[in-house]
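One file, entry-v3.cif, is given below (mmCIF, C-alpha atoms).
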data_data
loop_
_atom_site.group_PDB
_atom_site.id
_atom_site.type_symbol
_atom_site.label_atom_id
_atom_site.label_comp_id
_atom_site.auth_asym_id
_atom_site.auth_seq_id
_atom_site.Cartn_x
_atom_site.Cartn_y
_atom_site.Cartn_z
ATOM 1 C CA MET V 203 -8.345 1.475 20.200
ATOM 2 C CA ASN V 204 -9.840 1.733 16.736
ATOM 3 C CA PRO V 205 -10.516 -1.732 15.226
ATOM 4 C CA LYS V 206 -9.239 -0.456 11.851
ATOM 5 C CA VAL V 207 -6.045 1.290 10.714
ATOM 6 C CA ASN V 208 -5.884 2.936 7.302
ATOM 7 C CA ILE V 209 -2.585 3.346 5.479
ATOM 8 C CA VAL V 210 -2.505 5.747 2.547
ATOM 9 C CA VAL V 211 0.260 5.416 -0.024
ATOM 10 C CA VAL V 212 0.770 8.710 -1.890
ATOM 11 C CA VAL V 213 2.817 8.422 -5.090
ATOM 12 C CA ASP V 214 4.354 11.082 -7.314
ATOM 13 C CA VAL V 215 3.877 8.917 -10.408
ATOM 14 C CA ILE V 216 5.691 11.264 -12.794
ATOM 15 C CA GLY V 217 8.693 11.478 -10.441
ATOM 16 C CA ALA V 218 8.711 7.737 -9.724
ATOM 17 C CA LEU V 219 8.603 6.780 -13.392
ATOM 18 C CA SER V 220 11.211 9.408 -14.302
ATOM 19 C CA ASP V 221 13.573 8.335 -11.490
ATOM 20 C CA GLY V 222 12.766 4.620 -11.697
ATOM 21 C CA THR V 223 12.306 4.526 -7.918
ATOM 22 C CA LEU V 224 9.770 5.136 -5.188
ATOM 23 C CA ARG V 225 12.507 6.828 -3.166
ATOM 24 C CA ASN V 226 13.755 10.421 -3.665
ATOM 25 C CA GLY V 227 10.492 11.878 -2.357
ATOM 26 C CA ASN V 228 8.345 9.975 -4.848
ATOM 27 C CA LEU V 229 6.370 8.103 -2.194
ATOM 28 C CA CYS V 230 5.042 8.919 1.234
ATOM 29 C CA MET V 231 3.001 6.734 3.537
ATOM 30 C CA ILE V 232 0.763 7.825 6.386
ATOM 31 C CA ASP V 233 -1.595 6.010 8.718
ATOM 32 C CA ASP V 234 -4.426 7.070 10.964
ATOM 33 C CA GLY V 235 -3.593 4.680 13.780
ATOM 34 C CA SER V 236 -4.004 5.899 17.342
ATOM 35 C CA LEU V 237 -0.793 4.208 18.476
ATOM 36 C CA ALA V 238 2.776 5.545 18.155
ATOM 37 C CA SER V 239 3.597 4.794 14.500
ATOM 38 C CA THR V 240 6.950 6.073 13.244
ATOM 39 C CA GLY V 241 8.146 7.283 9.854
ATOM 40 C CA GLN V 242 4.908 9.095 8.992
ATOM 41 C CA GLY V 243 5.200 10.710 5.547
ATOM 42 C CA THR V 244 8.113 8.498 4.473
ATOM 43 C CA PRO V 245 8.582 5.107 2.769
ATOM 44 C CA GLU V 246 9.828 3.834 6.159
ATOM 45 C CA LEU V 247 6.422 3.935 7.866
ATOM 46 C CA VAL V 248 6.190 1.513 10.787
ATOM 47 C CA THR V 249 2.512 1.222 11.672
ATOM 48 C CA VAL V 250 1.896 0.152 15.254
ATOM 49 C CA VAL V 251 -1.019 -2.275 15.491
ATOM 50 C CA LYS V 252 -2.635 -4.820 17.800
ATOM 51 C CA PRO V 253 -3.680 -8.387 16.948
ATOM 52 C CA GLY V 254 -7.185 -8.493 15.515
ATOM 53 C CA GLN V 255 -7.079 -5.017 13.996
ATOM 54 C CA VAL V 256 -7.945 -4.650 10.320
ATOM 55 C CA VAL V 257 -5.312 -2.817 8.276
ATOM 56 C CA THR V 258 -6.296 -1.323 4.916
ATOM 57 C CA TRP V 259 -3.957 0.136 2.318
ATOM 58 C CA SER V 260 -4.990 2.457 -0.500
ATOM 59 C CA ALA V 261 -2.968 4.392 -3.081
ATOM 60 C CA LEU V 262 -3.368 7.942 -4.328
ATOM 61 C CA ALA V 263 -1.425 9.788 -6.991
ATOM 62 C CA VAL V 264 -0.186 13.326 -6.327
ATOM 63 C CA ASP V 265 -1.634 14.207 -9.733
ATOM 64 C CA LEU V 266 -5.171 12.894 -9.295
ATOM 65 C CA GLN V 267 -5.530 12.212 -13.023
ATOM 66 C CA THR V 268 -2.629 9.781 -13.031
ATOM 67 C CA PRO V 269 -3.399 6.080 -12.462
ATOM 68 C CA VAL V 270 -1.712 4.319 -9.567
ATOM 69 C CA GLU V 271 -2.767 1.210 -7.713
ATOM 70 C CA ILE V 272 -1.322 -1.260 -5.264
ATOM 71 C CA LYS V 273 -0.344 -4.364 -7.192
ATOM 72 C CA SER V 274 0.648 -6.463 -4.172
ATOM 73 C CA ILE V 275 1.596 -6.409 -0.512
ATOM 74 C CA THR V 276 3.717 -9.297 0.680
ATOM 75 C CA PHE V 277 4.977 -9.684 4.221
ATOM 76 C CA LEU V 278 8.614 -10.672 4.251
ATOM 77 C CA GLY V 279 9.769 -13.595 6.346
ATOM 78 C CA PRO V 280 13.029 -13.760 8.285
ATOM 79 C CA ASP V 281 14.859 -14.832 5.110
ATOM 80 C CA ALA V 282 13.118 -12.073 3.037
ATOM 81 C CA ASP V 283 11.721 -14.682 0.613
ATOM 82 C CA GLY V 284 8.177 -13.482 1.120
ATOM 83 C CA GLY V 285 5.335 -14.641 3.225
ATOM 84 C CA HIS V 286 1.676 -13.815 3.644
ATOM 85 C CA GLU V 287 0.031 -11.548 1.132
ATOM 86 C CA ALA V 288 -2.710 -9.124 2.103
ATOM 87 C CA GLU V 289 -5.906 -9.491 0.125
ATOM 88 C CA GLN V 290 -7.556 -7.028 -2.175
ATOM 89 C CA ALA V 291 -10.862 -6.083 -0.621
ATOM 90 C CA PRO V 292 -14.042 -6.249 -2.702
ATOM 91 C CA PRO V 293 -15.735 -2.979 -3.592
ATOM 92 C CA ALA V 294 -17.879 -1.769 -0.707
ATOM 93 C CA ALA V 295 -19.832 1.202 -2.023
ATOM 94 C CA PRO V 296 -20.401 3.078 -5.241
ATOM 95 C CA GLY V 297 -18.275 6.108 -6.063
ATOM 96 C CA PRO V 298 -16.780 7.887 -9.072
ATOM 97 C CA VAL V 299 -16.300 5.459 -11.922
ATOM 98 C CA GLN V 300 -13.933 5.748 -14.867
ATOM 99 C CA GLU V 301 -12.954 3.554 -17.766
ATOM 100 C CA SER V 302 -10.094 1.222 -16.902
ATOM 101 C CA ARG V 303 -7.197 0.283 -19.163
ATOM 102 C CA ASN V 304 -9.023 -2.799 -20.440
ATOM 103 C CA GLY V 305 -12.266 -0.935 -21.175
ATOM 104 C CA GLU V 306 -14.151 -2.179 -18.096
ATOM 105 C CA ARG V 307 -15.674 0.273 -15.666
ATOM 106 C CA HIS V 308 -13.299 0.862 -12.765
ATOM 107 C CA ASN V 309 -13.571 2.734 -9.468
ATOM 108 C CA PRO V 310 -10.099 3.761 -8.219
ATOM 109 C CA GLU V 311 -11.424 4.822 -4.807
ATOM 110 C CA LEU V 312 -12.372 1.223 -4.074
ATOM 111 C CA ASP V 313 -8.957 -0.287 -4.793
ATOM 112 C CA VAL V 314 -7.979 -1.181 -1.259
ATOM 113 C CA TRP V 315 -5.979 -4.009 0.211
ATOM 114 C CA SER V 316 -6.793 -5.249 3.678
ATOM 115 C CA GLY V 317 -5.851 -7.853 6.223
ATOM 116 C CA VAL V 318 -6.377 -8.762 9.861
ATOM 117 C CA VAL V 319 -3.333 -8.488 12.105
ATOM 118 C CA PRO V 320 -2.441 -11.942 13.511
ATOM 119 C CA TYR V 321 -0.509 -12.414 16.726
ATOM 120 C CA LEU V 322 2.965 -11.002 16.062
ATOM 121 C CA ALA V 323 5.930 -10.847 18.409
ATOM 122 C CA PRO V 324 5.557 -7.536 20.276
ATOM 123 C CA GLY V 325 8.079 -4.792 19.555
ATOM 124 C CA VAL V 326 9.410 -6.464 16.392
ATOM 125 C CA ALA V 327 8.963 -4.695 13.044
ATOM 126 C CA HIS V 328 7.493 -6.986 10.387
ATOM 127 C CA PRO V 329 8.492 -5.493 7.004
ATOM 128 C CA TYR V 330 6.500 -5.926 3.853
ATOM 129 C CA ARG V 331 7.055 -5.460 0.150
ATOM 130 C CA LEU V 332 4.724 -2.851 -1.326
ATOM 131 C CA GLU V 333 4.426 -3.017 -5.111
ATOM 132 C CA VAL V 334 2.627 -0.260 -7.006
ATOM 133 C CA GLN V 335 1.469 -0.226 -10.616
ATOM 134 C CA MET V 336 1.524 3.026 -12.596
ATOM 135 C CA TYR V 337 0.223 3.028 -16.147
ATOM 136 C CA GLU V 338 1.301 -0.040 -18.158
ATOM 137 C CA GLY V 339 4.546 -1.329 -19.556
ATOM 138 C CA GLU V 340 7.856 -2.870 -18.630
ATOM 139 C CA TYR V 341 8.930 -0.172 -16.145
ATOM 140 C CA SER V 342 5.519 0.712 -14.711
ATOM 141 C CA THR V 343 5.735 -1.430 -11.568
ATOM 142 C CA LEU V 344 7.981 -0.329 -8.701
ATOM 143 C CA HIS V 345 8.342 -1.601 -5.152
ATOM 144 C CA ILE V 346 9.850 -0.869 -1.755
ATOM 145 C CA GLU V 347 10.530 -3.189 1.163
ATOM 146 C CA SER V 348 10.929 -0.606 3.926
ATOM 147 C CA PRO V 349 7.457 -0.211 5.489
ATOM 148 C CA ALA V 350 6.448 -2.488 8.363
ATOM 149 C CA LEU V 351 3.803 -3.379 10.902
ATOM 150 C CA MET V 352 4.721 -3.680 14.572
ATOM 151 C CA CYS V 353 2.582 -5.007 17.418
ATOM 152 C CA LEU V 354 2.680 -3.470 20.882
#
Show me this structure written as structure tokens.
Amino acid sequence: MNPKVNIVVVVDVIGALSDGTLRNGNLCMIDDGSLASTGQGTPELVTVVKPGQVVTWSALAVDLQTPVEIKSITFLGPDADGGHEAEQAPPAAPGPVQESRNGERHNPELDVWSGVVPYLAPGVAHPYRLEVQMYEGEYSTLHIESPALMCL
């Protein structure tokens, strides 16, 4: 078992902003876990994990010149009011750098969110709210609540 599982969130930013949704083929999620995850390539990805594994999320735009980033990941409790939030990992290594929206230097390849899987009831999907930021403005943040983690 790999001690780390990577989840990549691929967003068609133009489609998502035009449709006002991450559905309709505007988002796909894939992981590289060695266990039997389901929903690969869809917003309904259920990543199968084990306690103690590190899970990292990163976002990519279909059009690589379009900005997209994960704004937050919040695990939903039984009443769907929210729960634990994954943390944004600090930059780990240098890479391509570009100017960010506020003029600071920014490396989009290092925008990852990560967390360690705690003990979770086996066989139960634990959904989370994934919120992505595209550009700026009132309608630039969209979310879904369909992906999940599930322990074996």
Selected by the PyMOL selection byres ((chain V and resi 242) around 8) in the shown coordinates: which residues, as JSON, numbers by chain?
{"V": [230, 231, 232, 233, 239, 240, 241, 243, 244, 246, 247, 248]}
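Nearest to Ala263 (chain V) of all the residues V:Val211, V:Gly235, V:Val319, V:Asp313 is V:Val211, based on only C-alpha atoms.
Nearest to Leu219 (chain V) of all the residues V:Thr268, V:Ala323, V:Ile275, V:Trp315 is V:Thr268, counting all atoms listed in the file.
Computed from the coordinates, the CA of Ser220 (chain V) to CA of Glu347 (chain V) distance equals 20.0 Å.
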As a PyMOL selection string, please: the residues near region 329-332 of chain V (cut-off 7 Å, only C-alpha atoms, same-chain neighbours under 6 positions excluded).
chain V and resi 274-278+345-351
Please, could you write that set of residues out with C-alpha atoms as a PDB file, in the frame of the given file?
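What landed in selection_26.pdb:
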ATOM      1  CA  SER V 274       0.648  -6.463  -4.172  1.00  0.00           C
ATOM      2  CA  ILE V 275       1.596  -6.409  -0.512  1.00  0.00           C
ATOM      3  CA  THR V 276       3.717  -9.297   0.680  1.00  0.00           C
ATOM      4  CA  PHE V 277       4.977  -9.684   4.221  1.00  0.00           C
ATOM      5  CA  LEU V 278       8.614 -10.672   4.251  1.00  0.00           C
ATOM      6  CA  HIS V 345       8.342  -1.601  -5.152  1.00  0.00           C
ATOM      7  CA  ILE V 346       9.850  -0.869  -1.755  1.00  0.00           C
ATOM      8  CA  GLU V 347      10.530  -3.189   1.163  1.00  0.00           C
ATOM      9  CA  SER V 348      10.929  -0.606   3.926  1.00  0.00           C
ATOM     10  CA  PRO V 349       7.457  -0.211   5.489  1.00  0.00           C
ATOM     11  CA  ALA V 350       6.448  -2.488   8.363  1.00  0.00           C
ATOM     12  CA  LEU V 351       3.803  -3.379  10.902  1.00  0.00           C
TER      13      LEU V 351
END
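With distances restricted to all atoms listed in the file, V:Val215 is the closest residue to Leu266 (chain V) from V:Met352, V:Glu338, V:Val215, V:Val326.
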Can you patch up region 237-256 of chain V, filling it in to N, CA and C atoms, and show the result as a tab-separated table (two decimals), in the frame of the given file?
chain	number	residue	atom	x	y	z
V	237	LEU	N	-1.99	4.61	17.74
V	237	LEU	CA	-0.79	4.21	18.48
V	237	LEU	C	0.42	4.94	17.91
V	238	ALA	N	1.58	4.75	18.47
V	238	ALA	CA	2.78	5.54	18.16
V	238	ALA	C	3.52	5.04	16.92
V	239	SER	N	2.92	5.17	15.74
V	239	SER	CA	3.60	4.79	14.50
V	239	SER	C	4.77	5.74	14.26
V	240	THR	N	5.79	5.25	13.56
V	240	THR	CA	6.95	6.07	13.24
V	240	THR	C	7.13	6.14	11.73
V	241	GLY	N	7.86	7.15	11.28
V	241	GLY	CA	8.15	7.28	9.85
V	241	GLY	C	6.98	7.83	9.06
V	242	GLN	N	6.05	8.52	9.71
V	242	GLN	CA	4.91	9.10	8.99
V	242	GLN	C	5.42	10.01	7.87
V	243	GLY	N	4.84	9.87	6.68
V	243	GLY	CA	5.20	10.71	5.55
V	243	GLY	C	6.42	10.23	4.78
V	244	THR	N	6.93	9.04	5.14
V	244	THR	CA	8.11	8.50	4.47
V	244	THR	C	7.83	7.08	3.98
V	245	PRO	N	8.73	6.51	3.17
V	245	PRO	CA	8.58	5.11	2.77
V	245	PRO	C	8.93	4.13	3.90
V	246	GLU	N	9.44	4.67	5.03
V	246	GLU	CA	9.83	3.83	6.16
V	246	GLU	C	8.77	3.80	7.25
V	247	LEU	N	7.50	3.94	6.88
V	247	LEU	CA	6.42	3.94	7.87
V	247	LEU	C	6.38	2.61	8.61
V	248	VAL	N	6.40	2.69	9.94
V	248	VAL	CA	6.19	1.51	10.79
V	248	VAL	C	4.88	1.76	11.53
V	249	THR	N	3.84	1.05	11.10
V	249	THR	CA	2.51	1.22	11.67
V	249	THR	C	2.37	0.32	12.89
V	250	VAL	N	2.06	0.91	14.02
V	250	VAL	CA	1.90	0.15	15.25
V	250	VAL	C	0.45	-0.33	15.32
V	251	VAL	N	0.29	-1.63	15.52
V	251	VAL	CA	-1.02	-2.28	15.49
V	251	VAL	C	-1.16	-3.24	16.67
V	252	LYS	N	-2.35	-3.78	16.81
V	252	LYS	CA	-2.64	-4.82	17.80
V	252	LYS	C	-3.27	-6.00	17.07
V	253	PRO	N	-3.05	-7.22	17.58
V	253	PRO	CA	-3.68	-8.39	16.95
V	253	PRO	C	-5.19	-8.20	16.87
V	254	GLY	N	-5.76	-8.60	15.73
V	254	GLY	CA	-7.18	-8.49	15.52
V	254	GLY	C	-7.61	-7.23	14.79
V	255	GLN	N	-6.74	-6.23	14.74
V	255	GLN	CA	-7.08	-5.02	14.00
V	255	GLN	C	-7.08	-5.31	12.50
V	256	VAL	N	-7.93	-4.58	11.77
V	256	VAL	CA	-7.94	-4.65	10.32
V	256	VAL	C	-7.08	-3.51	9.81
